[in-house]
file upload28.csv (CSV, C-alpha atoms and all ligand atoms)
chain,number,residue,atom,x,y,z
N,454,MET,CA,52.5,20.1,32.5
N,455,SER,CA,51.0,16.7,31.6
N,456,ARG,CA,47.5,15.9,32.8
N,457,ASN,CA,46.6,12.6,34.4
N,458,VAL,CA,43.3,10.7,34.4
N,459,ARG,CA,42.4,9.2,37.8
N,460,LEU,CA,40.4,6.0,38.0
N,461,ARG,CA,39.0,4.2,41.0
N,462,VAL,CA,38.2,0.6,40.1
N,463,MET,CA,36.3,-2.0,42.2
N,464,ARG,CA,38.4,-5.2,42.0
N,465,GLN,CA,37.4,-8.7,42.8
N,466,ASP,CA,39.7,-11.6,42.2
N,467,GLY,CA,36.9,-14.2,41.7
N,468,PRO,CA,33.2,-15.0,42.2
N,469,LYS,CA,33.7,-15.6,46.0
N,470,SER,CA,36.5,-13.1,46.7
N,471,ARG,CA,35.9,-9.9,48.7
N,472,SER,CA,35.9,-6.8,46.6
N,473,ARG,CA,38.3,-3.9,47.2
N,474,TRP,CA,39.0,-0.5,45.6
N,475,GLU,CA,42.2,0.2,43.7
N,476,GLU,CA,43.2,3.6,42.2
N,477,PHE,CA,45.1,4.3,39.0
N,478,SER,CA,46.5,7.3,37.4
N,479,LEU,CA,47.1,7.4,33.6
N,480,PRO,CA,48.5,10.0,31.2
N,481,TYR,CA,45.6,11.9,29.6
N,482,GLU,CA,45.1,11.6,25.9
N,483,PRO,CA,42.5,13.5,23.9
N,484,GLY,CA,39.4,11.4,23.0
N,485,MET,CA,40.1,8.5,25.4
N,486,ASN,CA,37.2,6.5,26.7
N,487,VAL,CA,36.9,4.1,29.7
N,488,ILE,CA,37.9,1.0,27.7
N,489,TYR,CA,41.0,2.8,26.4
N,490,CYS,CA,41.9,3.6,30.0
N,491,LEU,CA,41.5,-0.1,30.9
N,492,MET,CA,43.7,-1.1,28.0
N,493,GLN,CA,46.4,1.2,29.2
N,494,ILE,CA,46.2,-0.4,32.7
N,495,GLN,CA,46.4,-3.8,31.0
N,496,LYS,CA,49.6,-2.8,29.2
N,497,ASN,CA,51.2,-1.3,32.4
N,498,PRO,CA,49.4,-2.7,35.5
N,499,VAL,CA,50.8,-0.2,38.1
N,500,ASN,CA,48.4,1.4,40.5
N,501,ALA,CA,48.4,5.0,41.7
N,502,ALA,CA,50.6,4.1,44.6
N,503,GLY,CA,53.3,2.9,42.1
N,504,ARG,CA,52.8,-0.7,43.0
N,505,THR,CA,52.6,-3.4,40.3
N,506,THR,CA,49.2,-5.1,40.4
N,507,THR,CA,47.1,-7.5,38.4
N,508,PRO,CA,45.6,-6.1,35.2
N,509,VAL,CA,42.0,-5.1,35.6
N,510,VAL,CA,39.7,-7.5,33.8
N,511,TRP,CA,36.7,-6.3,31.7
N,512,ASP,CA,34.6,-7.5,28.8
N,513,SER,CA,34.1,-5.8,25.4
N,514,HIS,CA,33.6,-6.7,21.8
N,515,CYS,CA,32.2,-4.1,19.3
N,516,LEU,CA,33.6,-0.9,20.9
N,517,GLU,CA,30.6,1.0,19.4
N,518,GLU,CA,27.7,0.5,21.8
N,519,VAL,CA,26.2,-2.4,19.8
N,520,CYS,CA,27.1,-5.6,21.7
N,521,GLY,CA,26.4,-4.6,25.3
N,522,ALA,CA,29.4,-6.6,26.7
N,523,CYS,CA,31.2,-3.7,28.2
N,524,THR,CA,28.3,-2.6,30.4
N,525,MET,CA,29.4,-1.5,33.9
N,526,ILE,CA,28.6,1.1,36.5
N,527,VAL,CA,30.5,4.3,35.6
N,528,ASN,CA,30.4,7.1,38.2
N,529,GLY,CA,27.2,5.5,39.6
N,530,ARG,CA,25.4,5.1,36.3
N,531,VAL,CA,25.0,1.8,34.5
N,532,ARG,CA,26.1,2.2,30.9
N,533,GLN,CA,28.4,1.0,28.2
N,534,SER,CA,32.0,1.9,29.0
N,535,CYS,CA,33.1,1.9,25.3
N,536,SER,CA,31.1,5.1,24.8
N,537,ALA,CA,32.0,6.7,28.1
N,538,LEU,CA,34.3,9.5,27.2
N,539,VAL,CA,36.8,10.6,29.8
N,540,ASP,CA,36.3,14.3,28.9
N,541,ARG,CA,32.6,14.0,29.9
N,542,LEU,CA,33.2,12.2,33.3
N,543,THR,CA,34.1,13.7,36.6
N,544,GLN,CA,37.3,12.3,38.2
N,545,PRO,CA,38.2,10.1,39.8
N,546,ILE,CA,36.2,7.9,37.4
N,547,GLU,CA,34.6,5.2,39.5
N,548,LEU,CA,34.1,1.8,37.8
N,549,ARG,CA,32.1,-0.9,39.4
N,550,PRO,CA,30.7,-4.2,38.0
N,551,MET,CA,27.0,-4.3,37.3
N,552,SER,CA,25.0,-4.9,40.5
N,553,LYS,CA,22.4,-7.6,39.5
N,554,PHE,CA,24.6,-10.3,38.1
N,555,PRO,CA,27.3,-12.5,39.7
N,556,VAL,CA,30.8,-11.1,39.4
N,557,VAL,CA,33.2,-13.3,37.5
N,558,ARG,CA,36.2,-11.1,38.1
N,559,ASP,CA,36.7,-7.4,38.5
N,560,LEU,CA,34.3,-5.7,36.0
N,561,VAL,CA,33.2,-8.9,34.3
N,562,VAL,CA,29.8,-10.3,35.3
N,563,ASP,CA,27.9,-13.3,34.2
N,564,ARG,CA,24.7,-12.2,32.4
N,565,SER,CA,23.5,-15.7,31.5
N,566,ARG,CA,20.3,-15.3,33.5
N,567,MET,CA,19.1,-12.9,30.8
N,568,PHE,CA,19.9,-15.4,28.1
N,569,ARG,CA,18.3,-18.2,29.9
N,570,ASP,CA,15.1,-16.1,30.2
N,571,LEU,CA,15.2,-15.3,26.5
N,572,ILE,CA,15.2,-19.1,25.9
N,573,LYS,CA,12.3,-19.6,28.3
N,574,VAL,CA,10.2,-17.1,26.2
N,575,LYS,CA,11.4,-18.5,22.8
N,576,ALA,CA,12.7,-15.1,21.8
N,577,TRP,CA,13.3,-16.1,18.2
N,578,ILE,CA,11.3,-17.0,15.1
N,579,PRO,CA,11.4,-20.7,14.3
N,580,VAL,CA,12.4,-21.6,10.8
N,581,GLN,CA,11.6,-25.1,9.8
N,582,GLY,CA,13.6,-27.1,7.3
N,583,THR,CA,16.7,-26.3,5.4
N,584,TYR,CA,15.1,-25.5,2.1
N,585,ASP,CA,14.2,-22.1,0.7
N,586,LEU,CA,10.9,-21.0,2.2
N,587,GLY,CA,10.5,-18.1,-0.1
N,588,PRO,CA,9.9,-14.5,1.0
N,589,GLY,CA,8.5,-14.0,4.5
N,590,PRO,CA,5.2,-12.2,5.1
N,591,ARG,CA,5.2,-8.5,4.4
N,592,MET,CA,5.2,-6.1,7.3
N,593,SER,CA,3.4,-2.7,7.0
N,594,PRO,CA,5.5,0.4,7.6
N,595,GLN,CA,3.6,0.9,10.9
N,596,GLU,CA,4.5,-2.7,12.0
N,597,GLN,CA,8.2,-2.0,11.1
N,598,GLU,CA,8.2,1.2,13.0
N,599,HIS,CA,6.9,-0.6,16.1
N,600,ALA,CA,9.4,-3.5,15.7
N,601,TYR,CA,12.6,-1.7,14.8
N,602,PRO,CA,13.4,0.0,18.2
N,603,LEU,CA,12.6,-3.3,20.0
N,604,SER,CA,15.0,-5.1,17.7
N,605,THR,CA,17.9,-2.9,18.8
N,606,CYS,CA,18.1,-4.5,22.2
N,607,MET,CA,21.6,-5.7,22.8
N,608,THR,CA,20.9,-7.6,26.1
N,609,CYS,CA,23.3,-5.3,27.8
N,610,GLY,CA,21.4,-5.5,31.1
N,611,CYS,CA,21.3,-1.8,32.0
N,612,CYS,CA,17.5,-2.0,32.4
N,613,VAL,CA,17.6,-4.9,34.8
N,614,ASP,CA,20.4,-3.3,36.8
N,615,ALA,CA,18.1,-0.3,37.4
N,616,CYS,CA,15.0,-2.4,38.0
N,617,PRO,CA,14.1,-2.8,41.7
N,618,ASN,CA,12.2,-6.0,41.1
N,619,TYR,CA,15.1,-7.8,39.4
N,620,ASN,CA,17.3,-9.3,42.0
N,621,ASP,CA,18.6,-12.6,43.3
N,622,ARG,CA,15.5,-13.1,45.5
N,623,SER,CA,13.1,-12.9,42.5
N,624,THR,CA,12.8,-14.8,39.3
N,625,PHE,CA,11.5,-11.7,37.5
N,626,MET,CA,12.6,-11.9,33.8
N,627,GLY,CA,12.9,-8.2,33.5
N,628,PRO,CA,11.9,-5.5,31.0
N,629,ALA,CA,14.3,-6.6,28.1
N,630,VAL,CA,12.9,-10.1,27.9
N,631,ILE,CA,9.3,-8.8,28.1
N,632,SER,CA,10.1,-6.4,25.3
N,633,GLN,CA,11.5,-9.3,23.2
N,634,VAL,CA,8.2,-11.1,23.8
N,635,GLN,CA,6.4,-8.1,22.3
N,636,LEU,CA,8.8,-7.9,19.4
N,637,PHE,CA,8.4,-11.6,18.4
N,638,ASN,CA,4.6,-11.7,19.1
N,639,SER,CA,4.1,-8.7,16.9
N,640,HIS,CA,6.0,-10.3,14.0
N,641,PRO,CA,3.6,-12.0,11.5
N,642,THR,CA,5.6,-15.3,11.7
N,643,GLY,CA,6.6,-15.0,15.3
N,644,ALA,CA,2.9,-14.6,16.2
N,645,LEU,CA,2.4,-18.3,15.4
N,646,ASN,CA,4.2,-19.0,18.7
N,647,ALA,CA,2.6,-16.1,20.6
N,648,ALA,CA,0.6,-18.3,23.0
N,649,GLU,CA,3.8,-20.1,24.1
N,650,ARG,CA,5.5,-16.8,24.9
N,651,LEU,CA,2.4,-15.5,26.8
N,652,GLU,CA,2.3,-18.8,28.8
N,653,ALA,CA,5.9,-18.2,29.8
N,654,MET,CA,4.9,-14.6,30.8
N,655,MET,CA,2.1,-16.0,33.0
N,656,GLU,CA,4.6,-18.1,35.0
N,657,PRO,CA,6.4,-16.9,38.1
N,658,GLY,CA,9.0,-14.3,36.9
N,659,GLY,CA,6.6,-13.1,34.2
N,660,VAL,CA,5.1,-9.7,33.4
N,661,SER,CA,3.0,-9.4,36.5
N,662,GLU,CA,6.1,-9.0,38.6
N,663,CYS,CA,6.8,-5.6,37.1
N,664,GLY,CA,6.1,-2.9,39.7
N,665,ASN,CA,5.9,-0.2,37.1
N,666,ALA,CA,8.7,1.9,38.7
N,667,GLN,CA,9.8,2.9,35.2
N,668,ASN,CA,13.5,3.0,36.0
N,669,CYS,CA,14.2,0.7,33.1
N,670,VAL,CA,13.1,3.0,30.4
N,671,GLN,CA,15.2,5.8,31.7
N,672,VAL,CA,18.5,3.9,31.5
N,673,CYS,CA,18.1,2.0,28.3
N,674,PRO,CA,20.9,3.2,26.0
N,675,LYS,CA,18.8,2.4,22.9
N,676,GLY,CA,15.8,4.3,24.0
N,677,ILE,CA,13.6,1.2,23.8
N,678,PRO,CA,10.0,2.0,24.9
N,679,LEU,CA,10.2,-0.7,27.6
N,680,THR,CA,7.2,0.4,29.6
N,681,THR,CA,5.0,0.4,26.4
N,682,SER,CA,6.1,-3.2,25.7
N,683,ILE,CA,5.4,-4.2,29.3
N,684,GLY,CA,1.9,-2.6,29.0
N,685,LEU,CA,1.2,-4.4,25.7
N,686,VAL,CA,2.4,-7.8,26.9
N,687,GLY,CA,0.5,-7.4,30.2
N,688,ARG,CA,-2.7,-6.8,28.2
N,689,ALA,CA,-2.0,-9.7,25.9
N,690,VAL,CA,-1.4,-12.0,28.9
N,691,THR,CA,-4.8,-10.9,30.3
N,692,LEU,CA,-6.6,-11.6,27.0
N,693,HIS,CA,-4.8,-14.9,26.7
N,694,ALA,CA,-5.9,-15.9,30.2
N,695,ILE,CA,-9.5,-15.0,29.5
N,696,ARG,CA,-9.5,-16.9,26.2
N,697,LYS,CA,-8.1,-19.9,28.0
N,698,MET,CA,-10.8,-19.7,30.7
N,699,MET,CA,-13.5,-19.6,28.0
N,700,GLY,CA,-11.9,-22.6,26.3
N,701,ARG,CA,-10.9,-20.8,23.2
L,801,LIG,S1,8.8,-0.6,35.1
L,801,LIG,FE1,8.9,-2.8,35.7
L,801,LIG,S2,10.6,-3.6,34.6
L,801,LIG,FE2,10.8,-1.4,34.5
L,801,LIG,S3,12.1,-0.9,36.3
L,801,LIG,FE3,10.0,-0.8,36.9
L,801,LIG,S4,9.6,-2.8,37.8
L,801,LIG,FE4,11.4,-3.0,36.6
L,802,LIG,S1,16.2,-3.1,26.8
L,802,LIG,FE1,17.8,-1.5,26.6
L,802,LIG,S2,18.8,-1.6,28.6
L,802,LIG,FE2,17.6,-3.4,28.5
L,802,LIG,S3,19.0,-5.0,27.7
L,802,LIG,FE3,18.0,-4.1,25.9
L,802,LIG,S4,19.3,-2.4,25.2
L,802,LIG,FE4,20.0,-3.0,27.3
L,803,LIG,S1,32.1,-3.0,23.6
L,803,LIG,FE1,30.1,-3.5,22.6
L,803,LIG,S2,28.8,-2.1,23.6
L,803,LIG,FE2,30.7,-1.5,24.4

call {"tool": "encode", "arguments": {"input": "upload28.csv", "output": "structure tokens", "more": "lines below"}}
Ligand code: SF4
Ligand code: SF4
Ligand code: FES
result
Amino acid sequence: MSRNVRLRVMRQDGPKSRSRWEEFSLPYEPGMNVIYCLMQIQKNPVNAAGRTTTPVVWDSHCLEEVCGACTMIVNGRVRQSCSALVDRLTQPIELRPMSKFPVVRDLVVDRSRMFRDLIKVKAWIPVQGTYDLGPGPRMSPQEQEHAYPLSTCMTCGCCVDACPNYNDRSTFMGPAVISQVQLFNSHPTGALNAAERLEAMMEPGGVSECGNAQNCVQVCPKGIPLTTSIGLVGRAVTLHAIRKMMGR
């Protein structure tokens, strides 16, 4: 007897439309993941009641948990759907869009708030000129060990989805952006712009708006030590404010 996979998908036709649930039933195949299920629905958009419907819309790129684009809420947990294996999920598999970003359509959300905040804190290392600058400053193995996990952030948004202080009533930039401040401020060249990043962290939406609930660190798929970054940036902001008060 052939097995079926049951899915329950939260649908929304556009940013202002009402959401609704729609169920699907697909033939089981070994090794299938949630994105594969969505691809099958796209090929044959017929719901569990046998009615033809619009294909479910989702976002994805890398299909190997590197880009963060496919992040959604799978069975109540925010995660990447490309690495969500059907065999490990209870059914019906419930798919919802992330809860902290505006819905564009179905499972696609607009995460631009995170990218705008990365711009506010200058989350990059400026390189001047178009000529060869020679080798960059050397980083010790300890510095590399500190920086590497922070550099794996894929701006997926899981951490902000779980953060109670990140919502549409607050301007809190959230743990991922704070952690990028720590990454670039701890880089020997990035440190040249550390003061500007700390100034941004002192503005409304900055590090002081973290309530230390620690939800973020529990959901980060990359295991980034977000609360350590928040603590380090919080201390750096305090020192920066004291230095400013003393005119240094
Ligand atoms: S520790 Fe801060 S950033 Fe992390 S979930 Fe809690 S309030 Fe949000
Ligand atoms: S810190 Fe982790 S959960 Fe947050 S955006 Fe980066 S990878 Fe995603
Ligand atoms: S498609 Fe890139 S993380 Fe899933």

call {"tool": "closest_atom_pairs", "arguments": {"input": "upload28.csv", "of": "chain N", "to": "ligand LIG 801 (chain L)", "cutoff": "6 Å", "atoms": "all atoms listed in the file", "output": "JSON lines"}}
result
{"residue": "N:Cys616", "atom": "CA", "partner": "L:LIG801", "partner_atom": "S3", "distance": 3.7}
{"residue": "N:Pro617", "atom": "CA", "partner": "L:LIG801", "partner_atom": "FE4", "distance": 5.8}
{"residue": "N:Asn618", "atom": "CA", "partner": "L:LIG801", "partner_atom": "S4", "distance": 5.3}
{"residue": "N:Gly627", "atom": "CA", "partner": "L:LIG801", "partner_atom": "S2", "distance": 5.3}
{"residue": "N:Pro628", "atom": "CA", "partner": "L:LIG801", "partner_atom": "S2", "distance": 4.3}
{"residue": "N:Cys663", "atom": "CA", "partner": "L:LIG801", "partner_atom": "FE1", "distance": 3.8}
{"residue": "N:Gly664", "atom": "CA", "partner": "L:LIG801", "partner_atom": "S4", "distance": 4.0}
{"residue": "N:Asn665", "atom": "CA", "partner": "L:LIG801", "partner_atom": "S1", "distance": 3.5}
{"residue": "N:Ala666", "atom": "CA", "partner": "L:LIG801", "partner_atom": "FE3", "distance": 3.5}
{"residue": "N:Gln667", "atom": "CA", "partner": "L:LIG801", "partner_atom": "S1", "distance": 3.6}
{"residue": "N:Asn668", "atom": "CA", "partner": "L:LIG801", "partner_atom": "S3", "distance": 4.2}
{"residue": "N:Cys669", "atom": "CA", "partner": "L:LIG801", "partner_atom": "S3", "distance": 4.1}
{"residue": "N:Thr680", "atom": "CA", "partner": "L:LIG801", "partner_atom": "S1", "distance": 5.8}

call {"tool": "closest_residue", "arguments": {"input": "upload28.csv", "among": "N:Met698, N:Val580, N:Val630, N:Ile572", "to": "Gly643 (chain N)", "atoms": "all atoms listed in the file"}}
result
N:Val580

call {"tool": "closest_atom_pairs", "arguments": {"input": "upload28.csv", "of": "chain N", "to": "ligand LIG 803 (chain L)", "cutoff": "6 Å", "atoms": "all atoms listed in the file", "output": "CSV"}}
result
residue,atom,partner,partner_atom,distance
N:Ser513,CA,L:LIG803,S1,3.9
N:His514,CA,L:LIG803,S1,4.4
N:Cys515,CA,L:LIG803,FE1,4.0
N:Leu516,CA,L:LIG803,S1,3.7
N:Glu517,CA,L:LIG803,S2,5.5
N:Glu518,CA,L:LIG803,S2,3.3
N:Val519,CA,L:LIG803,S2,4.6
N:Cys520,CA,L:LIG803,FE1,3.8
N:Gly521,CA,L:LIG803,S2,3.9
N:Ala522,CA,L:LIG803,FE1,5.2
N:Cys523,CA,L:LIG803,FE2,4.4
N:Gln533,CA,L:LIG803,FE2,5.1
N:Ser534,CA,L:LIG803,FE2,5.9
N:Cys535,CA,L:LIG803,FE2,4.3

call {"tool": "residues_near_ligand", "arguments": {"input": "upload28.csv", "ligand": "ligand LIG 802 (chain L)", "cutoff": "8 Å", "atoms": "only C-alpha atoms and all ligand atoms", "output": "JSON, numbers by chain"}}
result
{"N": [521, 603, 605, 606, 607, 608, 609, 610, 611, 612, 613, 628, 629, 630, 632, 669, 670, 672, 673, 674, 675, 676, 677, 679]}

call {"tool": "closest_residue", "arguments": {"input": "upload28.csv", "among": "N:Thr506, N:Gln581, N:Gln465, N:Ser455", "to": "Phe477 (chain N)", "atoms": "all atoms listed in the file"}}
result
N:Thr506

call {"tool": "atom_distance", "arguments": {"input": "upload28.csv", "atom1": "CA of Thr624 (chain N)", "atom2": "CA of Phe554 (chain N)"}}
result
12.7 Å

call {"tool": "build_atoms", "arguments": {"input": "upload28.csv", "residues": "region 464-479 of chain N", "atoms": "N, CA, C and O atoms", "output": "short mmCIF file (atom, residue, chain, number, x, y, z; two decimals), in the coordinates of the input"}}
result
data_model
loop_
_atom_site.label_atom_id
_atom_site.label_comp_id
_atom_site.auth_asym_id
_atom_site.auth_seq_id
_atom_site.Cartn_x
_atom_site.Cartn_y
_atom_site.Cartn_z
N ARG N 464 37.77 -3.91 42.44
CA ARG N 464 38.40 -5.20 42.00
C ARG N 464 37.83 -6.32 42.80
O ARG N 464 37.44 -6.19 43.94
N GLN N 465 37.79 -7.47 42.16
CA GLN N 465 37.40 -8.70 42.80
C GLN N 465 38.04 -9.85 42.09
O GLN N 465 37.83 -10.01 40.88
N ASP N 466 38.84 -10.64 42.84
CA ASP N 466 39.70 -11.60 42.20
C ASP N 466 38.86 -12.81 41.59
O ASP N 466 39.29 -13.45 40.65
N GLY N 467 37.73 -13.11 42.18
CA GLY N 467 36.90 -14.20 41.70
C GLY N 467 35.52 -14.13 42.25
O GLY N 467 35.23 -13.24 43.06
N PRO N 468 34.63 -15.05 41.84
CA PRO N 468 33.20 -15.00 42.20
C PRO N 468 33.02 -14.92 43.77
O PRO N 468 32.10 -14.30 44.26
N LYS N 469 33.89 -15.57 44.51
CA LYS N 469 33.70 -15.60 46.00
C LYS N 469 34.62 -14.72 46.74
O LYS N 469 34.56 -14.66 47.97
N SER N 470 35.48 -14.00 46.04
CA SER N 470 36.50 -13.10 46.70
C SER N 470 35.79 -11.86 47.23
O SER N 470 34.75 -11.46 46.72
N ARG N 471 36.42 -11.22 48.18
CA ARG N 471 35.90 -9.90 48.70
C ARG N 471 36.34 -8.84 47.66
O ARG N 471 37.39 -8.94 47.04
N SER N 472 35.50 -7.83 47.54
CA SER N 472 35.90 -6.80 46.60
C SER N 472 36.68 -5.69 47.35
O SER N 472 36.63 -5.59 48.58
N ARG N 473 37.44 -4.93 46.60
CA ARG N 473 38.30 -3.90 47.20
C ARG N 473 38.43 -2.77 46.11
O ARG N 473 38.28 -3.04 44.92
N TRP N 474 38.75 -1.56 46.52
CA TRP N 474 39.00 -0.50 45.60
C TRP N 474 40.47 -0.38 45.26
O TRP N 474 41.30 -0.58 46.14
N GLU N 475 40.78 -0.06 44.02
CA GLU N 475 42.20 0.20 43.70
C GLU N 475 42.20 1.44 42.76
O GLU N 475 41.33 1.59 41.89
N GLU N 476 43.15 2.32 42.99
CA GLU N 476 43.20 3.60 42.20
C GLU N 476 44.32 3.52 41.18
O GLU N 476 45.36 2.89 41.42
N PHE N 477 44.08 4.18 40.08
CA PHE N 477 45.10 4.30 39.00
C PHE N 477 45.17 5.69 38.51
O PHE N 477 44.21 6.46 38.60
N SER N 478 46.33 6.02 37.97
CA SER N 478 46.50 7.30 37.40
C SER N 478 47.23 7.16 36.05
O SER N 478 48.28 6.52 35.98
N LEU N 479 46.61 7.68 35.00
CA LEU N 479 47.10 7.40 33.60
C LEU N 479 47.38 8.76 32.94
O LEU N 479 46.64 9.72 33.18
#
